[in-house]
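Chemist: Got a structure for you, written out below as structure tokens; questions coming shortly.
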Amino acid sequence: MNRFWKKAGKGFGRVAIIAGLSGLCVAGIGAQTSAPGAAKSPAASGAAGSHDPAEPLNGAPRPKILARPAGAIARASIDEKSMRKLIHDEVSCGTRLTLSSWTDPKRGIGCGRDFVVARMNEVAKESGGKLQVVVDKFESKSERTGPDPVHLENVYGILPGSDEKLAKTVYIVVGDFDSRPSDVMDPNADAPGADDDASGTAVSVECARQLSKIAASGKSKFRATVLFGVLAGEEQGLLGAYRLLDWVKEQGYTVGAMMDNDIVGADTAPGGPHRVRVFSGNGEIEDADSPARELARAIEEIDGRSAIRMIFRQDRYGRGGDHYPFYKAGLPAVRFTEPLEDYNHQHQTPRTENGVEYGDFEKYLNFAFMGNVARDNAEVLRQLALAPAPPANVKLTGAVTPDAKLSWAAEDDVERAGFEILWRETTEARWSAFDFAEGAGKSVLKGVSTDNHFFAVRSVGKNGARSIAVIAEAERRAPPLPSNAPKQ
């Protein structure tokens with residue numbers, strides 16, 4: 001597990017870190033145009049139809065809620081034309097299977113890499129050098145590469161943070177540029193890979209363009225570092241993602257969040273554009289909160305419930321993606337995927353059988369939908385990179401008392417306005433803001449049971465950007481047991 005997350009829970013059992021990038025202020029509020037406020041769960045508010053006592057009896061506080069950061073990325077600013085061109089260029093390589101040629105400029109994965117690097121360099125030039133482009137060459141192997149290690153290359157666009165204390169925190173968005181035919185070991189068969197995953201590649205590169213443009217304008221200084229990754233080896237066993245996880249550790253970064261965009265280009269069902277799905281895995285504590293789950297909740301609030309469909313599952317059944325190594329490392333990592341997949345147009349060698357066309361071609365893509373996904377990713381990265389560091393050592397005490405008691409720590413930060421104390425019913429999917437505290441320390445929630453709710457704390461910048469939040473885990477007390485009972 002990343003050392004930051006270990007530090008956050010040191011000395012107090014296992015603390016699940018909530019990767020709440022944004023103000024999860026209102027249960028049930030996700031639309032970006034909604035004004036944040038202190039919502040109450042049915043039990044807390046004594047809502048009609050509830051037969052539970054209000055908590056607290058005299059009413060919850062009305063906390064100070066800061067508006068979100070100004071300057072949200074506009075949907076109209078997304079460059080669908082350049083996204084379309086990059087995908088067309090990638091498809092023109094014939095195949096981008098990791099086992100294909102890295103040296104042929106016209107066919108194979110090396111051809112795909114060249115187009116990605118060229119586009120990243122264009123973005124870097126437009127940014128006045130703010131974006132730094134890195135080609136990370138490495139070797140790896142899996143059961144899908146054969147007995148010997150194979151050559152791979154990842155491409156990273158890096159936008160360094162401006163804050164001395166936060167510059168080594170990195171927020172990551174990725175797509176993968178390799179593709180595959182029906183036979184994942186066949187380097188000669190065509191594998192256009194327009195949706196899987198040239199679409200994710202285009203999203204990651206467009207995010208690089210958007211945030212680099214903001215950085216170059218001087219209007220906003222991103223406190224933390226942002227990395228825009230285009231990875232190889234996904235179809236051969238997530239090889240590029242495992243390498244990226246190692247690489248950021250080698251560079252001394254702390255991973256703040258990771259968003260994988262894989263198969264985000266098609267939306268063929270009537271009535272679109274539809275919401276993009278965001279998959280997040282369960283945690284290991286009793287409330288099934290994980291850093292990934294909290295990242296998904298935060299994404300939904302930043303981008304709106306009309307844009308994001310949270311799926312409380314690590315990934316699709318029987319499938320995997322580049323977020324998985326980060327998720328298993330205990331980090332906040334999620335996957336963006338289109339609403340309904342058409343399996344005739346992914347992982348298929350192009351052909352026509354019984355009148356059915358197979359193959360992952362450009363003509364099946366929906367660029368309006370894909371542009372929405374790019375904007376959603378970019379805005380999440382923008383807000384998170386502007387935010388203060390999350391609180392640490394968030395603890396919940398008050399068992400067998402009428403009041404919940406929270407405590408937390410945080411380093412000094414002149415750009416921080418304070419902390420939001422979050423709560424939710426144990427069956428509620430989203431957080432509400434219970435109270436606001438200007439400094440770190442302790443807070444007593446008078447008349448609020450520790451047993452009926454979950455609690456968390458997050459930092460809030462003076463600019464309105466919310467940090468990663470940290471869930472408060474209760475101190476564990478084993479009940480008295482017979483001497484021959486199994487240990488708990």
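To be explicit about the labels: the chains of the structure tokens are called A, B, and onward in the order shown, and within each one the residues are counted from 1, while ligands get numbers from 1 in the order they are shown.
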Any chance you could tabulate, as a tab-separated table, the residues of stretch 37-142 of chain A at most 12 Å from stretch 458-463 of chain A with each one's nearest atom pair and distance in Å to one decimal, using only C-alpha atoms, in chain and rising number order?
Modeler:
```
residue	atom	partner	partner_atom	distance
A:Lys64	CA	A:Val460	CA	10.8
A:Ile65	CA	A:Val460	CA	9.3
A:Leu66	CA	A:Lys462	CA	7.9
A:Ala67	CA	A:Asn463	CA	8.0
A:Arg68	CA	A:Asn463	CA	7.2
A:Pro69	CA	A:Asn463	CA	5.4
A:Ala70	CA	A:Asn463	CA	7.8
A:Gly71	CA	A:Asn463	CA	10.8
```
Chemist: Could you give me, as a list in words, the residues within 9 Å of A:Lys213, counting only C-alpha atoms and dropping anything in the same chain fewer than 6 positions from it?
Modeler: Val123, Glu126, Ser127 and Lys130 of chain A
Chemist: Residues at most 7 Å from A:Phe138, counting only C-alpha atoms, excluding those fewer than 5 positions away in the same chain, as a list in words?
Modeler: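 The residues that qualify are His151, Leu152 and Glu153 of chain A.
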Chemist: Report as a ChimeraX atom specification: the residues of stretch 76-307 of chain A with a DSSP assignment of helix (DSSP H, G or I), based on the backbone of this structure.
Modeler: /A:76-77,80-91,109-126,194-217,239-250,291-303
Chemist: Return as number ranges by chain the full set of residues in stretch 318-354 of chain A whose backbone-based DSSP assignment is strand (DSSP E or B).
Modeler: A: 333-337, 351-353
Chemist: Can I get the selected residues back with C-alpha atoms, as a CSV table (one decimal), in the first residue's frame?
Modeler:
```csv
chain,number,residue,atom,x,y,z
A,333,ALA,CA,-8.6,3.8,-8.8
A,334,VAL,CA,-11.6,3.5,-11.0
A,335,ARG,CA,-12.6,2.6,-14.6
A,336,PHE,CA,-14.6,4.6,-17.1
A,337,THR,CA,-16.4,2.5,-19.7
A,351,ARG,CA,-14.5,-10.3,-40.7
A,352,THR,CA,-18.1,-11.0,-41.7
A,353,GLU,CA,-19.8,-14.2,-40.7
```
Chemist: Excluding A:Arg75 and residues on its chain fewer than 6 positions from it, collect all residues at most 10 Å away from it, counting only C-alpha atoms, and give them as a list in words.
Modeler: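 Here the answer would be Ala368, Gly371, Asn372, Val373, Ala374, Arg375, Asp376 and Glu379 of chain A.
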Chemist: For stretch 377-407 of chain A versus stretch 154-163 of chain A, which residues have an atom no more than 10 Å away, and what is each residue's nearest atom pair and distance in Å rounded to one decimal, using only C-alpha atoms, chain-then-number order, as a tab-separated table?
Modeler:
```
residue	atom	partner	partner_atom	distance
A:Ala385	CA	A:Gly161	CA	7.8
A:Leu386	CA	A:Gly161	CA	9.4
A:Pro388	CA	A:Asp163	CA	9.7
```
Chemist: Would you export the selected residues with C-alpha atoms as a PDB file, in the first residue's frame, please?
Modeler:
```
ATOM      1  CA  ALA A 385      -5.038  19.207  -8.499  1.00  0.00           C
ATOM      2  CA  LEU A 386      -6.230  22.544  -7.025  1.00  0.00           C
ATOM      3  CA  PRO A 388      -5.278  20.957  -0.335  1.00  0.00           C
TER       4      PRO A 388
END
```
Chemist: Which polymer residues have any atom within 12 Å of an atom of stretch 249-257 of chain A, counting only C-alpha atoms, with same-chain residues fewer than 6 positions away left out, as a VMD selection string?
Modeler: chain A and resid 1 to 7 17 to 21 160 to 161 165 to 174 224 to 227 242 to 243 291 to 296 298 to 299 323 326 to 327 329 to 335 377 380 to 381 384 to 385 387 to 390 467 to 469
